[in-house]
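File shown: coords_18.tsv. Contents: TSV, N, CA and C atoms.
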chain	number	residue	atom	x	y	z
A	1	MET	N	1.57	1.09	8.46
A	1	MET	CA	1.83	1.29	9.87
A	1	MET	C	3.10	0.58	10.28
A	2	ALA	N	3.81	1.18	11.17
A	2	ALA	CA	5.06	0.60	11.62
A	2	ALA	C	4.79	-0.53	12.60
A	3	SER	N	5.69	-1.48	12.63
A	3	SER	CA	5.58	-2.58	13.56
A	3	SER	C	5.96	-2.11	14.95
A	4	PRO	N	5.08	-2.32	15.93
A	4	PRO	CA	5.39	-1.87	17.28
A	4	PRO	C	6.42	-2.77	17.94
A	5	GLY	N	7.17	-2.20	18.84
A	5	GLY	CA	8.14	-2.97	19.61
A	5	GLY	C	7.48	-3.64	20.79
A	6	ASP	N	8.29	-4.22	21.68
A	6	ASP	CA	7.75	-4.94	22.82
A	6	ASP	C	7.00	-4.04	23.79
A	7	ASP	N	7.48	-2.83	24.01
A	7	ASP	CA	6.88	-1.96	25.01
A	7	ASP	C	5.93	-0.91	24.41
A	8	ASP	N	5.82	-0.87	23.10
A	8	ASP	CA	5.00	0.14	22.46
A	8	ASP	C	3.53	-0.24	22.49
A	9	ALA	N	2.69	0.75	22.67
A	9	ALA	CA	1.25	0.55	22.60
A	9	ALA	C	0.75	1.11	21.28
A	10	VAL	N	-0.26	0.48	20.73
A	10	VAL	CA	-0.88	0.93	19.50
A	10	VAL	C	-2.25	1.50	19.85
A	11	VAL	N	-2.53	2.69	19.34
A	11	VAL	CA	-3.81	3.34	19.58
A	11	VAL	C	-4.60	3.31	18.28
A	12	ILE	N	-5.79	2.72	18.33
A	12	ILE	CA	-6.67	2.64	17.17
A	12	ILE	C	-7.86	3.56	17.45
A	13	ARG	N	-8.00	4.58	16.61
A	13	ARG	CA	-9.02	5.61	16.83
A	13	ARG	C	-9.97	5.69	15.65
A	14	ILE	N	-11.08	6.38	15.89
A	14	ILE	CA	-11.98	6.74	14.80
A	14	ILE	C	-11.28	7.82	13.98
A	15	SER	N	-11.46	7.77	12.68
A	15	SER	CA	-10.82	8.75	11.80
A	15	SER	C	-11.28	10.17	12.14
A	16	PRO	N	-10.34	11.11	12.20
A	16	PRO	CA	-10.74	12.50	12.46
A	16	PRO	C	-11.65	13.08	11.39
A	17	MET	N	-11.70	12.46	10.23
A	17	MET	CA	-12.60	12.93	9.18
A	17	MET	C	-14.07	12.80	9.59
A	18	ALA	N	-14.34	12.04	10.63
A	18	ALA	CA	-15.71	11.91	11.12
A	18	ALA	C	-16.22	13.23	11.68
A	19	HIS	N	-15.32	14.14	12.01
A	19	HIS	CA	-15.75	15.45	12.48
A	19	HIS	C	-16.47	16.24	11.39
A	20	VAL	N	-16.26	15.89	10.13
A	20	VAL	CA	-16.97	16.54	9.04
A	20	VAL	C	-18.47	16.26	9.19
A	21	ALA	N	-18.81	15.02	9.51
A	21	ALA	CA	-20.22	14.67	9.72
A	21	ALA	C	-20.78	15.42	10.91
A	22	SER	N	-19.98	15.57	11.94
A	22	SER	CA	-20.41	16.32	13.11
A	22	SER	C	-20.66	17.78	12.76
A	23	GLY	N	-19.81	18.36	11.94
A	23	GLY	CA	-20.00	19.73	11.49
A	23	GLY	C	-21.24	19.89	10.63
A	24	PHE	N	-21.49	18.91	9.77
A	24	PHE	CA	-22.70	18.95	8.94
A	24	PHE	C	-23.94	18.87	9.82
A	25	LEU	N	-23.91	18.03	10.84
A	25	LEU	CA	-25.02	17.92	11.78
A	25	LEU	C	-25.22	19.24	12.53
A	26	ALA	N	-24.14	19.93	12.86
A	26	ALA	CA	-24.23	21.23	13.53
A	26	ALA	C	-24.91	22.26	12.62
A	27	LEU	N	-24.56	22.24	11.33
A	27	LEU	CA	-25.21	23.16	10.39
A	27	LEU	C	-26.71	22.89	10.28
A	28	CYS	N	-27.06	21.62	10.24
A	28	CYS	CA	-28.49	21.26	10.18
A	28	CYS	C	-29.20	21.71	11.46
A	29	ALA	N	-28.56	21.52	12.59
A	29	ALA	CA	-29.15	21.92	13.87
A	29	ALA	C	-29.31	23.43	13.94
A	30	LEU	N	-28.34	24.17	13.40
A	30	LEU	CA	-28.43	25.63	13.41
A	30	LEU	C	-29.60	26.14	12.56
A	31	THR	N	-29.90	25.43	11.47
A	31	THR	CA	-31.02	25.87	10.64
A	31	THR	C	-32.36	25.51	11.26
A	32	LEU	N	-32.42	24.44	12.05
A	32	LEU	CA	-33.68	24.01	12.66
A	32	LEU	C	-33.93	24.63	14.03
A	33	ALA	N	-32.89	24.99	14.75
A	33	ALA	CA	-33.04	25.49	16.12
A	33	ALA	C	-33.94	26.73	16.23
A	34	PRO	N	-33.87	27.71	15.33
A	34	PRO	CA	-34.74	28.89	15.48
A	34	PRO	C	-36.23	28.58	15.38
A	35	PHE	N	-36.58	27.51	14.67
A	35	PHE	CA	-37.99	27.18	14.51
A	35	PHE	C	-38.59	26.62	15.80
A	36	TRP	N	-37.78	26.08	16.66
A	36	TRP	CA	-38.27	25.50	17.92
A	36	TRP	C	-37.67	26.22	19.11
A	37	TRP	N	-37.51	27.52	18.98
A	37	TRP	CA	-36.89	28.32	20.03
A	37	TRP	C	-37.67	28.21	21.32
A	38	PRO	N	-37.12	28.11	22.49
A	38	PRO	CA	-35.72	27.94	22.87
A	38	PRO	C	-35.32	26.47	22.99
A	39	SER	N	-36.31	25.54	22.97
A	39	SER	CA	-35.94	24.13	23.15
A	39	SER	C	-35.13	23.59	21.98
A	40	GLY	N	-35.18	24.26	20.83
A	40	GLY	CA	-34.39	23.84	19.68
A	40	GLY	C	-32.89	23.96	19.90
A	41	LEU	N	-32.50	24.75	20.90
A	41	LEU	CA	-31.07	24.86	21.20
A	41	LEU	C	-30.48	23.54	21.68
A	42	LEU	N	-31.33	22.66	22.18
A	42	LEU	CA	-30.85	21.34	22.60
A	42	LEU	C	-30.32	20.53	21.42
A	43	LEU	N	-30.78	20.85	20.21
A	43	LEU	CA	-30.26	20.17	19.02
A	43	LEU	C	-28.78	20.42	18.82
A	44	LEU	N	-28.29	21.54	19.31
A	44	LEU	CA	-26.88	21.87	19.15
A	44	LEU	C	-25.98	21.03	20.04
A	45	VAL	N	-26.57	20.35	21.02
A	45	VAL	CA	-25.79	19.48	21.90
A	45	VAL	C	-25.38	18.21	21.15
A	46	LEU	N	-26.21	17.74	20.22
A	46	LEU	CA	-25.91	16.50	19.51
A	46	LEU	C	-24.58	16.53	18.76
A	47	PRO	N	-24.27	17.57	17.98
A	47	PRO	CA	-22.96	17.59	17.30
A	47	PRO	C	-21.80	17.64	18.29
A	48	LEU	N	-21.99	18.31	19.42
A	48	LEU	CA	-20.93	18.35	20.43
A	48	LEU	C	-20.68	16.97	21.01
A	49	LEU	N	-21.75	16.25	21.32
A	49	LEU	CA	-21.60	14.89	21.84
A	49	LEU	C	-20.97	13.96	20.81
A	50	MET	N	-21.33	14.17	19.55
A	50	MET	CA	-20.76	13.36	18.48
A	50	MET	C	-19.25	13.60	18.36
A	51	SER	N	-18.83	14.84	18.40
A	51	SER	CA	-17.40	15.15	18.33
A	51	SER	C	-16.65	14.64	19.55
A	52	LEU	N	-17.28	14.73	20.70
A	52	LEU	CA	-16.66	14.19	21.92
A	52	LEU	C	-16.46	12.69	21.81
A	53	ALA	N	-17.45	12.01	21.28
A	53	ALA	CA	-17.33	10.56	21.10
A	53	ALA	C	-16.22	10.22	20.10
A	54	ILE	N	-16.11	11.00	19.04
A	54	ILE	CA	-15.06	10.76	18.04
A	54	ILE	C	-13.68	10.89	18.67
A	55	VAL	N	-13.52	11.86	19.54
A	55	VAL	CA	-12.22	12.08	20.19
A	55	VAL	C	-11.97	11.02	21.26
A	56	ARG	N	-12.99	10.63	21.98
A	56	ARG	CA	-12.81	9.77	23.16
A	56	ARG	C	-12.71	8.27	22.81
A	57	TYR	N	-13.53	7.79	21.88
A	57	TYR	CA	-13.57	6.36	21.58
A	57	TYR	C	-12.24	5.91	20.97
A	58	ARG	N	-11.65	4.87	21.56
A	58	ARG	CA	-10.40	4.32	21.03
A	58	ARG	C	-10.11	2.98	21.68
A	59	THR	N	-9.22	2.25	21.05
A	59	THR	CA	-8.71	1.00	21.61
A	59	THR	C	-7.20	1.14	21.69
A	60	VAL	N	-6.65	0.85	22.87
A	60	VAL	CA	-5.20	0.90	23.09
A	60	VAL	C	-4.75	-0.52	23.40
A	61	ALA	N	-3.84	-1.02	22.59
A	61	ALA	CA	-3.36	-2.39	22.76
A	61	ALA	C	-1.85	-2.39	22.91
A	62	ASP	N	-1.37	-3.24	23.80
A	62	ASP	CA	0.07	-3.48	23.92
A	62	ASP	C	0.28	-4.98	24.04
A	63	ARG	N	1.48	-5.38	24.37
A	63	ARG	CA	1.82	-6.80	24.40
A	63	ARG	C	1.05	-7.56	25.47
A	64	ASN	N	0.69	-6.90	26.57
A	64	ASN	CA	0.05	-7.59	27.70
A	64	ASN	C	-1.46	-7.48	27.74
A	65	ASP	N	-2.02	-6.33	27.34
A	65	ASP	CA	-3.46	-6.17	27.46
A	65	ASP	C	-4.01	-5.22	26.40
A	66	VAL	N	-5.33	-5.14	26.38
A	66	VAL	CA	-6.03	-4.26	25.46
A	66	VAL	C	-7.02	-3.44	26.29
A	67	THR	N	-7.07	-2.14	26.01
A	67	THR	CA	-7.95	-1.23	26.73
A	67	THR	C	-8.95	-0.62	25.76
A	68	ALA	N	-10.22	-0.76	26.08
A	68	ALA	CA	-11.29	-0.17	25.29
A	68	ALA	C	-11.79	1.07	26.02
A	69	ARG	N	-11.72	2.21	25.35
A	69	ARG	CA	-12.17	3.45	25.97
A	69	ARG	C	-13.42	3.94	25.25
A	70	THR	N	-14.49	4.11	26.02
A	70	THR	CA	-15.74	4.61	25.46
A	70	THR	C	-15.99	6.01	25.98
A	71	LEU	N	-17.18	6.51	25.77
A	71	LEU	CA	-17.47	7.89	26.14
A	71	LEU	C	-17.34	8.13	27.64
A	72	LEU	N	-17.79	7.19	28.45
A	72	LEU	CA	-17.80	7.40	29.89
A	72	LEU	C	-16.92	6.45	30.69
A	73	SER	N	-16.33	5.46	30.05
A	73	SER	CA	-15.56	4.49	30.83
A	73	SER	C	-14.41	3.90	30.01
A	74	SER	N	-13.57	3.17	30.72
A	74	SER	CA	-12.48	2.41	30.10
A	74	SER	C	-12.47	1.02	30.71
A	75	LYS	N	-12.13	0.04	29.90
A	75	LYS	CA	-12.06	-1.32	30.39
A	75	LYS	C	-10.79	-1.97	29.84
A	76	THR	N	-9.97	-2.50	30.74
A	76	THR	CA	-8.72	-3.16	30.35
A	76	THR	C	-8.87	-4.66	30.54
A	77	VAL	N	-8.49	-5.40	29.51
A	77	VAL	CA	-8.56	-6.86	29.55
A	77	VAL	C	-7.19	-7.41	29.16
A	78	PRO	N	-6.61	-8.28	29.98
A	78	PRO	CA	-5.35	-8.92	29.58
A	78	PRO	C	-5.57	-9.83	28.37
A	79	TRP	N	-4.60	-9.90	27.49
A	79	TRP	CA	-4.71	-10.77	26.31
A	79	TRP	C	-4.92	-12.22	26.72
A	80	THR	N	-4.39	-12.61	27.88
A	80	THR	CA	-4.55	-14.00	28.32
A	80	THR	C	-6.00	-14.35	28.63
A	81	HIS	N	-6.85	-13.36	28.85
A	81	HIS	CA	-8.27	-13.60	29.14
A	81	HIS	C	-9.14	-13.51	27.89
A	82	VAL	N	-8.53	-13.20	26.75
A	82	VAL	CA	-9.29	-13.06	25.49
A	82	VAL	C	-9.20	-14.37	24.72
A	83	GLU	N	-10.37	-14.97	24.43
A	83	GLU	CA	-10.41	-16.19	23.63
A	83	GLU	C	-10.31	-15.88	22.14
A	84	GLY	N	-10.90	-14.78	21.73
A	84	GLY	CA	-10.88	-14.41	20.32
A	84	GLY	C	-11.65	-13.13	20.10
A	85	LEU	N	-11.74	-12.74	18.84
A	85	LEU	CA	-12.48	-11.54	18.47
A	85	LEU	C	-13.68	-11.95	17.63
A	86	ARG	N	-14.77	-11.21	17.83
A	86	ARG	CA	-15.99	-11.46	17.06
A	86	ARG	C	-16.36	-10.17	16.33
A	87	PHE	N	-16.74	-10.34	15.07
A	87	PHE	CA	-17.15	-9.19	14.26
A	87	PHE	C	-18.61	-9.35	13.88
A	88	SER	N	-19.36	-8.26	14.03
A	88	SER	CA	-20.72	-8.25	13.50
A	88	SER	C	-20.68	-7.49	12.18
A	89	ARG	N	-21.68	-7.66	11.39
A	89	ARG	CA	-21.70	-7.05	10.06
A	89	ARG	C	-21.64	-5.53	10.18
A	90	GLY	N	-20.57	-4.96	9.64
A	90	GLY	CA	-20.42	-3.51	9.62
A	90	GLY	C	-20.13	-2.88	10.97
A	91	GLY	N	-19.73	-3.67	11.94
A	91	GLY	CA	-19.49	-3.11	13.27
A	91	GLY	C	-18.06	-3.29	13.73
A	92	TRP	N	-17.81	-2.78	14.92
A	92	TRP	CA	-16.50	-2.92	15.52
A	92	TRP	C	-16.34	-4.30	16.14
A	93	ALA	N	-15.11	-4.68	16.39
A	93	ALA	CA	-14.82	-5.98	16.97
A	93	ALA	C	-15.24	-6.03	18.43
A	94	ARG	N	-15.50	-7.23	18.88
A	94	ARG	CA	-15.76	-7.49	20.28
A	94	ARG	C	-14.78	-8.56	20.74
A	95	ALA	N	-14.14	-8.30	21.87
A	95	ALA	CA	-13.23	-9.28	22.45
A	95	ALA	C	-14.06	-10.26	23.27
A	96	CYS	N	-14.01	-11.53	22.90
A	96	CYS	CA	-14.73	-12.57	23.64
A	96	CYS	C	-13.82	-13.07	24.75
A	97	ARG	N	-14.27	-12.88	25.98
A	97	ARG	CA	-13.46	-13.26	27.14
A	97	ARG	C	-13.72	-14.71	27.51
A	98	GLN	N	-12.84	-15.28	28.31
A	98	GLN	CA	-12.95	-16.67	28.72
A	98	GLN	C	-14.17	-16.91	29.60
A	99	ASP	N	-14.65	-15.88	30.28
A	99	ASP	CA	-15.82	-16.05	31.14
A	99	ASP	C	-17.13	-15.91	30.38
A	100	GLY	N	-17.07	-15.73	29.06
A	100	GLY	CA	-18.25	-15.63	28.23
A	100	GLY	C	-18.71	-14.22	27.95
A	101	SER	N	-18.17	-13.24	28.64
A	101	SER	CA	-18.56	-11.85	28.40
A	101	SER	C	-17.80	-11.30	27.19
A	102	GLU	N	-18.28	-10.17	26.71
A	102	GLU	CA	-17.65	-9.52	25.57
A	102	GLU	C	-17.35	-8.07	25.90
A	103	VAL	N	-16.28	-7.56	25.29
A	103	VAL	CA	-15.89	-6.17	25.46
A	103	VAL	C	-15.80	-5.55	24.07
A	104	LEU	N	-16.55	-4.47	23.85
A	104	LEU	CA	-16.50	-3.77	22.57
A	104	LEU	C	-15.14	-3.09	22.42
A	105	LEU	N	-14.52	-3.27	21.27
A	105	LEU	CA	-13.23	-2.63	20.97
A	105	LEU	C	-13.47	-1.53	19.94
A	106	PRO	N	-13.66	-0.29	20.40
A	106	PRO	CA	-13.97	0.80	19.48
A	106	PRO	C	-12.91	0.98	18.40
A	107	ALA	N	-13.37	1.19	17.18
A	107	ALA	CA	-12.55	1.49	16.00
A	107	ALA	C	-11.73	0.30	15.51
A	108	VAL	N	-11.86	-0.87	16.13
A	108	VAL	CA	-11.15	-2.06	15.65
A	108	VAL	C	-12.00	-2.72	14.58
A	109	THR	N	-11.45	-2.76	13.38
A	109	THR	CA	-12.14	-3.39	12.26
A	109	THR	C	-11.27	-4.54	11.74
A	110	PHE	N	-11.80	-5.23	10.75
A	110	PHE	CA	-11.06	-6.35	10.16
A	110	PHE	C	-9.73	-5.86	9.59
A	111	ALA	N	-9.70	-4.63	9.10
A	111	ALA	CA	-8.48	-4.09	8.49
A	111	ALA	C	-7.39	-3.80	9.51
A	112	THR	N	-7.73	-3.65	10.78
A	112	THR	CA	-6.72	-3.35	11.80
A	112	THR	C	-6.18	-4.62	12.47
A	113	LEU	N	-6.63	-5.79	12.05
A	113	LEU	CA	-6.15	-7.03	12.66
A	113	LEU	C	-4.63	-7.25	12.50
A	114	PRO	N	-4.02	-6.91	11.36
A	114	PRO	CA	-2.56	-7.08	11.29
A	114	PRO	C	-1.82	-6.25	12.34
A	115	THR	N	-2.31	-5.06	12.64
A	115	THR	CA	-1.69	-4.23	13.67
A	115	THR	C	-1.83	-4.89	15.03
A	116	LEU	N	-3.02	-5.41	15.33
A	116	LEU	CA	-3.23	-6.09	16.61
A	116	LEU	C	-2.39	-7.38	16.69
A	117	ASN	N	-2.20	-8.04	15.55
A	117	ASN	CA	-1.36	-9.23	15.53
A	117	ASN	C	0.06	-8.88	15.94
A	118	ASP	N	0.58	-7.80	15.39
A	118	ASP	CA	1.96	-7.39	15.70
A	118	ASP	C	2.11	-7.02	17.17
A	119	VAL	N	1.18	-6.22	17.69
A	119	VAL	CA	1.34	-5.71	19.04
A	119	VAL	C	1.03	-6.78	20.10
A	120	SER	N	0.16	-7.72	19.78
A	120	SER	CA	-0.21	-8.74	20.77
A	120	SER	C	0.73	-9.94	20.77
A	121	GLY	N	1.70	-9.91	19.92
A	121	GLY	CA	2.63	-11.03	19.86
A	121	GLY	C	2.03	-12.27	19.21
A	122	GLY	N	1.11	-12.07	18.29
A	122	GLY	CA	0.50	-13.19	17.57
A	122	GLY	C	-0.75	-13.75	18.22
A	123	ARG	N	-1.21	-13.17	19.30
A	123	ARG	CA	-2.43	-13.67	19.96
A	123	ARG	C	-3.67	-13.43	19.11
A	124	VAL	N	-3.63	-12.38	18.29
A	124	VAL	CA	-4.71	-12.09	17.36
A	124	VAL	C	-4.22	-12.53	15.99
A	125	PRO	N	-4.90	-13.48	15.34
A	125	PRO	CA	-4.42	-13.95	14.04
A	125	PRO	C	-4.54	-12.87	12.96
A	126	ASP	N	-3.59	-12.90	12.04
A	126	ASP	CA	-3.59	-11.97	10.91
A	126	ASP	C	-4.24	-12.68	9.72
A	127	PRO	N	-5.43	-12.25	9.31
A	127	PRO	CA	-6.11	-12.93	8.22
A	127	PRO	C	-5.48	-12.69	6.85
A	128	TYR	N	-4.57	-11.72	6.76
A	128	TYR	CA	-3.98	-11.39	5.47
A	128	TYR	C	-2.66	-12.11	5.23
A	129	SER	N	-2.09	-12.72	6.25
A	129	SER	CA	-0.82	-13.43	6.04
A	129	SER	C	-1.09	-14.82	5.48
A	130	ARG	N	-0.11	-15.32	4.79
A	130	ARG	CA	-0.27	-16.66	4.19
A	130	ARG	C	0.58	-17.65	4.87
Please express the file's structure as structure tokens.
Amino acid sequence: MASPGDDDAVVIRISPMAHVASGFLALCALTLAPFWWPSGLLLLVLPLLMSLAIVRYRTVADRNDVTARTLLSSKTVPWTHVEGLRFSRGGWARACRQDGSEVLLPAVTFATLPTLNDVSGGRVPDPYSR
């Protein structure tokens, strides 16, 4: 990934390959829906919601703040209000705010920390640098 400049924002998204899982779920729903006609058609909504979440969930970070976008909302937090990041096992990062609250950062993993380090001006430590 290229190093962002002062005014550039970095967008961290879920991989588009996740739509393959959504398509597989749609195939499974299509095979099961006729057995529970007509209420089985509601099963077809699940793959659509999954694809919508894949497209919508993202974290946008720039030099001044970080924005977490979920399915129904967005939350912007200035870097000056972030004490650090917390990772749970196998999950996305959470920004720990100075007031004790946390904000989920969709698609931010341990591997994306160098990118956040570059864009935040060093506010997020890079665990891979020596």
Quiz item: Can you list, as a PyMOL selection string, every protein, DNA or RNA residue that comes within 8 Å of Leu113 (chain A) when you count only N, CA and C atoms, leaving out same-chain residues fewer than 6 positions away?
Solution: chain A and resi 119+124-128
Since we have the selection now, will you write its residues out, keeping N, CA and C atoms, as a JSON list (two decimals), in the frame of the given file?
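Printed below is result.json as written:
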[["chain", "number", "residue", "atom", "x", "y", "z"],
["A", 119, "VAL", "N", 1.18, -6.22, 17.69],
["A", 119, "VAL", "CA", 1.34, -5.71, 19.04],
["A", 119, "VAL", "C", 1.03, -6.78, 20.10],
["A", 124, "VAL", "N", -3.63, -12.38, 18.29],
["A", 124, "VAL", "CA", -4.71, -12.09, 17.36],
["A", 124, "VAL", "C", -4.22, -12.53, 15.99],
["A", 125, "PRO", "N", -4.90, -13.48, 15.34],
["A", 125, "PRO", "CA", -4.42, -13.95, 14.04],
["A", 125, "PRO", "C", -4.54, -12.87, 12.96],
["A", 126, "ASP", "N", -3.59, -12.90, 12.04],
["A", 126, "ASP", "CA", -3.59, -11.97, 10.91],
["A", 126, "ASP", "C", -4.24, -12.68, 9.72],
["A", 127, "PRO", "N", -5.43, -12.25, 9.31],
["A", 127, "PRO", "CA", -6.11, -12.93, 8.22],
["A", 127, "PRO", "C", -5.48, -12.69, 6.85],
["A", 128, "TYR", "N", -4.57, -11.72, 6.76],
["A", 128, "TYR", "CA", -3.98, -11.39, 5.47],
["A", 128, "TYR", "C", -2.66, -12.11, 5.23]]
Self-check item: Computed interatomic separation between CA of Ala29 (chain A) and CA of Ile12 (chain A) (Å)
Solution: 29.8 Å
Practice problem: Kindly indicate which residue among A:Asp118, A:Gly40, A:Gly23, A:Thr70 lies nearest to Tyr57 (chain A), using all atoms listed in the file for the distances. | Solution: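 Answer, going by the shortest atom-to-atom distance: A:Thr70.
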Practice problem: Report as a list in words: the residues of region 57-121 of chain A with a DSSP assignment of alpha helix (DSSP H), based on the backbone of this structure. | Solution: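 Alpha helix (DSSP H) members of region 57-121 of chain A, listed: Leu113, Pro114, Thr115, Leu116, Asn117, Asp118 and Val119 of chain A.
Interatomic distance, atom N of Ala21 (chain A) to CA of Ser51 (chain A): 8.9 Å.
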Quiz item: Quick one, how far is CA of His81 (chain A) from CA of Ala95 (chain A)?
Solution: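 If I compute the distance from CA of His81 (chain A) to CA of Ala95 (chain A), I get 9.4 Å.
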As AutoDock Vina command-line options, please report the centre and edge lengths, rounded to one decimal in Å, of the axis-aligned box that holds all listed atoms of region 93-107 of chain A with 4 Å of padding on each of the six sides.
--center_x -15.2 --center_y -7.7 --center_z 23.3 --size_x 15.0 --size_y 26.4 --size_z 23.6
Quiz item: Which parts of chain A does DSSP call strand (DSSP E or B) when run on the backbone here, written out as a ChimeraX atom specification?
Solution: /A:10-13,58-61,65-69,74-78,82-87,93-97,102-105
